[in-house]
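*Asks:* Take a look at data-v3.cif, mmCIF, N, CA and C atoms:
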```cif
data_run
#
loop_
_atom_site.label_atom_id
_atom_site.label_comp_id
_atom_site.auth_asym_id
_atom_site.auth_seq_id
_atom_site.Cartn_x
_atom_site.Cartn_y
_atom_site.Cartn_z
N MET A 877 -110.14 -46.47 -98.43
CA MET A 877 -109.27 -47.00 -97.41
C MET A 877 -107.84 -46.53 -97.68
N ALA A 878 -107.22 -45.96 -96.67
CA ALA A 878 -105.87 -45.42 -96.83
C ALA A 878 -104.85 -46.55 -96.84
N PRO A 879 -103.82 -46.43 -97.67
CA PRO A 879 -102.80 -47.49 -97.70
C PRO A 879 -102.00 -47.49 -96.39
N ARG A 880 -101.64 -48.66 -95.97
CA ARG A 880 -100.82 -48.79 -94.77
C ARG A 880 -99.35 -48.68 -95.15
N HIS A 881 -98.62 -47.99 -94.32
CA HIS A 881 -97.20 -47.84 -94.57
C HIS A 881 -96.44 -48.80 -93.66
N HIS A 882 -95.66 -49.65 -94.25
CA HIS A 882 -94.86 -50.61 -93.51
C HIS A 882 -93.38 -50.29 -93.66
N LEU A 883 -92.64 -50.52 -92.61
CA LEU A 883 -91.20 -50.37 -92.67
C LEU A 883 -90.59 -51.76 -92.72
N PRO A 884 -90.19 -52.21 -93.89
CA PRO A 884 -89.71 -53.59 -94.04
C PRO A 884 -88.40 -53.87 -93.32
N ASP A 885 -87.59 -52.82 -93.06
CA ASP A 885 -86.28 -53.04 -92.45
C ASP A 885 -86.35 -53.20 -90.93
N ILE A 886 -87.48 -52.88 -90.31
CA ILE A 886 -87.62 -52.95 -88.86
C ILE A 886 -88.44 -54.19 -88.51
N ASP A 887 -87.87 -55.07 -87.71
CA ASP A 887 -88.61 -56.26 -87.30
C ASP A 887 -89.21 -56.03 -85.91
N GLN A 888 -89.99 -56.98 -85.48
CA GLN A 888 -90.72 -56.86 -84.22
C GLN A 888 -89.79 -56.72 -83.02
N GLU A 889 -88.66 -57.42 -83.03
CA GLU A 889 -87.71 -57.35 -81.91
C GLU A 889 -87.13 -55.94 -81.76
N GLU A 890 -86.87 -55.27 -82.88
CA GLU A 890 -86.35 -53.92 -82.83
C GLU A 890 -87.38 -52.96 -82.26
N VAL A 891 -88.63 -53.15 -82.65
CA VAL A 891 -89.71 -52.30 -82.14
C VAL A 891 -89.86 -52.50 -80.64
N LEU A 892 -89.84 -53.77 -80.19
CA LEU A 892 -89.96 -54.05 -78.76
C LEU A 892 -88.79 -53.46 -77.98
N ALA A 893 -87.61 -53.42 -78.58
CA ALA A 893 -86.45 -52.85 -77.91
C ALA A 893 -86.59 -51.35 -77.71
N LEU A 894 -87.37 -50.69 -78.55
CA LEU A 894 -87.54 -49.24 -78.46
C LEU A 894 -88.60 -48.83 -77.45
N LEU A 895 -89.43 -49.75 -77.02
CA LEU A 895 -90.51 -49.41 -76.10
C LEU A 895 -89.98 -49.20 -74.68
N GLU A 896 -90.67 -48.33 -73.95
CA GLU A 896 -90.38 -48.17 -72.52
C GLU A 896 -90.82 -49.43 -71.80
N GLU A 897 -90.36 -49.62 -70.56
CA GLU A 897 -90.66 -50.85 -69.83
C GLU A 897 -92.16 -51.04 -69.63
N ASP A 898 -92.88 -49.99 -69.25
CA ASP A 898 -94.32 -50.14 -69.05
C ASP A 898 -95.05 -50.38 -70.37
N GLN A 899 -94.56 -49.80 -71.45
CA GLN A 899 -95.15 -50.05 -72.76
C GLN A 899 -94.91 -51.49 -73.19
N LEU A 900 -93.72 -52.01 -72.88
CA LEU A 900 -93.38 -53.38 -73.23
C LEU A 900 -94.28 -54.37 -72.48
N VAL A 901 -94.48 -54.12 -71.18
CA VAL A 901 -95.34 -54.99 -70.38
C VAL A 901 -96.76 -54.96 -70.94
N ALA A 902 -97.25 -53.77 -71.27
CA ALA A 902 -98.61 -53.65 -71.81
C ALA A 902 -98.73 -54.36 -73.16
N ALA A 903 -97.70 -54.26 -73.99
CA ALA A 903 -97.74 -54.91 -75.30
C ALA A 903 -97.73 -56.43 -75.16
N LYS A 904 -96.93 -56.94 -74.20
CA LYS A 904 -96.88 -58.38 -74.00
C LYS A 904 -98.16 -58.92 -73.38
N GLU A 905 -98.83 -58.11 -72.54
CA GLU A 905 -100.08 -58.56 -71.93
C GLU A 905 -101.21 -58.65 -72.94
N LYS A 906 -101.14 -57.88 -74.01
CA LYS A 906 -102.18 -57.92 -75.03
C LYS A 906 -102.18 -59.23 -75.81
N VAL A 907 -101.01 -59.83 -75.95
CA VAL A 907 -100.88 -61.06 -76.72
C VAL A 907 -100.95 -62.25 -75.77
N HIS A 908 -102.06 -62.94 -75.82
CA HIS A 908 -102.23 -64.15 -75.03
C HIS A 908 -102.72 -65.25 -75.96
N LEU A 909 -101.88 -66.24 -76.16
CA LEU A 909 -102.20 -67.27 -77.14
C LEU A 909 -103.13 -68.34 -76.59
N GLY A 910 -103.00 -68.65 -75.32
CA GLY A 910 -103.85 -69.69 -74.75
C GLY A 910 -103.44 -71.07 -75.22
N ARG A 911 -104.28 -72.04 -74.92
CA ARG A 911 -103.98 -73.41 -75.31
C ARG A 911 -104.38 -73.65 -76.76
N ARG A 912 -103.60 -74.44 -77.42
CA ARG A 912 -103.89 -74.76 -78.81
C ARG A 912 -104.74 -76.03 -78.86
N ALA A 913 -105.68 -76.07 -79.75
CA ALA A 913 -106.53 -77.25 -79.91
C ALA A 913 -105.81 -78.26 -80.79
N PHE A 914 -105.56 -79.46 -80.23
CA PHE A 914 -104.88 -80.50 -80.98
C PHE A 914 -105.90 -81.50 -81.51
N SER A 915 -105.51 -82.20 -82.55
CA SER A 915 -106.37 -83.26 -83.06
C SER A 915 -106.37 -84.40 -82.06
N ARG A 916 -107.37 -85.26 -82.17
CA ARG A 916 -107.51 -86.38 -81.23
C ARG A 916 -106.30 -87.31 -81.31
N SER A 917 -105.82 -87.57 -82.51
CA SER A 917 -104.67 -88.47 -82.65
C SER A 917 -103.40 -87.87 -82.03
N LEU A 918 -103.22 -86.57 -82.16
CA LEU A 918 -102.06 -85.93 -81.55
C LEU A 918 -102.16 -85.94 -80.03
N GLU A 919 -103.36 -85.76 -79.49
CA GLU A 919 -103.55 -85.86 -78.05
C GLU A 919 -103.19 -87.25 -77.54
N VAL A 920 -103.57 -88.28 -78.29
CA VAL A 920 -103.24 -89.66 -77.90
C VAL A 920 -101.73 -89.86 -77.90
N VAL A 921 -101.06 -89.35 -78.90
CA VAL A 921 -99.61 -89.48 -78.98
C VAL A 921 -98.95 -88.74 -77.82
N LEU A 922 -99.41 -87.55 -77.51
CA LEU A 922 -98.83 -86.79 -76.41
C LEU A 922 -99.04 -87.49 -75.07
N TRP A 923 -100.23 -88.07 -74.85
CA TRP A 923 -100.48 -88.81 -73.60
C TRP A 923 -99.62 -90.07 -73.55
N ALA A 924 -99.44 -90.73 -74.68
CA ALA A 924 -98.58 -91.91 -74.71
C ALA A 924 -97.14 -91.53 -74.36
N LEU A 925 -96.67 -90.40 -74.84
CA LEU A 925 -95.32 -89.93 -74.50
C LEU A 925 -95.21 -89.61 -73.01
N ARG A 926 -96.24 -89.01 -72.45
CA ARG A 926 -96.24 -88.71 -71.02
C ARG A 926 -96.15 -89.99 -70.20
N VAL A 927 -96.95 -90.97 -70.57
CA VAL A 927 -96.93 -92.25 -69.86
C VAL A 927 -95.55 -92.90 -70.00
N TYR A 928 -94.98 -92.86 -71.19
CA TYR A 928 -93.65 -93.43 -71.43
C TYR A 928 -92.60 -92.76 -70.53
N VAL A 929 -92.64 -91.44 -70.46
CA VAL A 929 -91.67 -90.72 -69.64
C VAL A 929 -91.81 -91.10 -68.17
N VAL A 930 -93.03 -91.19 -67.68
CA VAL A 930 -93.25 -91.57 -66.28
C VAL A 930 -92.74 -92.99 -66.04
N LEU A 931 -93.04 -93.91 -66.93
CA LEU A 931 -92.56 -95.29 -66.77
C LEU A 931 -91.03 -95.36 -66.79
N MET A 932 -90.41 -94.62 -67.67
CA MET A 932 -88.95 -94.61 -67.72
C MET A 932 -88.35 -94.02 -66.44
N LEU A 933 -88.98 -92.99 -65.90
CA LEU A 933 -88.50 -92.42 -64.64
C LEU A 933 -88.60 -93.44 -63.51
N VAL A 934 -89.71 -94.19 -63.48
CA VAL A 934 -89.87 -95.22 -62.46
C VAL A 934 -88.79 -96.29 -62.63
N LEU A 935 -88.55 -96.72 -63.86
CA LEU A 935 -87.51 -97.72 -64.10
C LEU A 935 -86.13 -97.23 -63.67
N ILE A 936 -85.84 -95.98 -63.94
CA ILE A 936 -84.54 -95.41 -63.56
C ILE A 936 -84.41 -95.38 -62.04
N VAL A 937 -85.46 -94.95 -61.36
CA VAL A 937 -85.41 -94.89 -59.90
C VAL A 937 -85.22 -96.29 -59.33
N VAL A 938 -85.94 -97.28 -59.84
CA VAL A 938 -85.80 -98.66 -59.37
C VAL A 938 -84.38 -99.16 -59.60
N ARG A 939 -83.82 -98.91 -60.77
CA ARG A 939 -82.47 -99.36 -61.09
C ARG A 939 -81.43 -98.68 -60.19
N VAL A 940 -81.61 -97.39 -59.91
CA VAL A 940 -80.68 -96.69 -59.03
C VAL A 940 -80.76 -97.26 -57.62
N VAL A 941 -81.96 -97.50 -57.12
CA VAL A 941 -82.14 -98.07 -55.80
C VAL A 941 -81.51 -99.47 -55.73
N GLN A 942 -81.70 -100.27 -56.76
CA GLN A 942 -81.09 -101.61 -56.79
C GLN A 942 -79.56 -101.52 -56.78
N THR A 943 -79.02 -100.58 -57.54
CA THR A 943 -77.57 -100.44 -57.63
C THR A 943 -76.99 -99.97 -56.29
N VAL A 944 -77.64 -99.01 -55.67
CA VAL A 944 -77.14 -98.47 -54.41
C VAL A 944 -77.24 -99.51 -53.31
N SER A 945 -78.32 -100.28 -53.31
CA SER A 945 -78.50 -101.28 -52.24
C SER A 945 -77.68 -102.55 -52.49
N GLY A 946 -77.05 -102.66 -53.63
CA GLY A 946 -76.20 -103.82 -53.93
C GLY A 946 -76.96 -104.98 -54.51
N GLY A 947 -78.24 -104.86 -54.70
CA GLY A 947 -79.03 -105.94 -55.31
C GLY A 947 -78.79 -106.03 -56.80
N HIS A 948 -79.08 -107.18 -57.35
CA HIS A 948 -78.87 -107.34 -58.79
C HIS A 948 -80.04 -107.91 -59.44
#
```
Transcribe the structure of this file into structure tokens.

*Replies:*
Amino acid sequence: MAPRHHLPDIDQEEVLALLEEDQLVAAKEKVHLGRRAFSRSLEVVLWALRVYVVLMLVLIVVRVVQTVSGGH
């Protein structure tokens, strides 16, 4: 097996800057990460945060409507 030659001084951003536009598009299309698999507990936490955000938005809208209409 032949040794691989690496250029430690050149990072990925520099390489991408040297590519032509069509080469850059092709290189970016090759990398598709997709969705990451989360643990069950992390999924529960994320859903709880989503619910919290929606509830806070509802509370803010209700408070704004009450303030604008003069109700207390």

*Asks:* Enter the distance from atom C of Ala924 of chain A to atom CA of Val940 of chain A, in Å, rounded to one decimal.

*Replies:* 23.1 Å

*Asks:* In Å, how far is it from atom C of Leu922 of chain A to atom C of Gly910 of chain A?

*Replies:*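 Atom C of Gly910 of chain A lies at a distance of 17.0 Å from atom C of Leu922 of chain A.
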
*Asks:* Expressed in Å to a single decimal, how great is the separation between atom CA of Leu935 of chain A and atom CA of Val921 of chain A?

*Replies:*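 Computed distance, atom CA of Leu935 of chain A to atom CA of Val921 of chain A, equals 20.9 Å.
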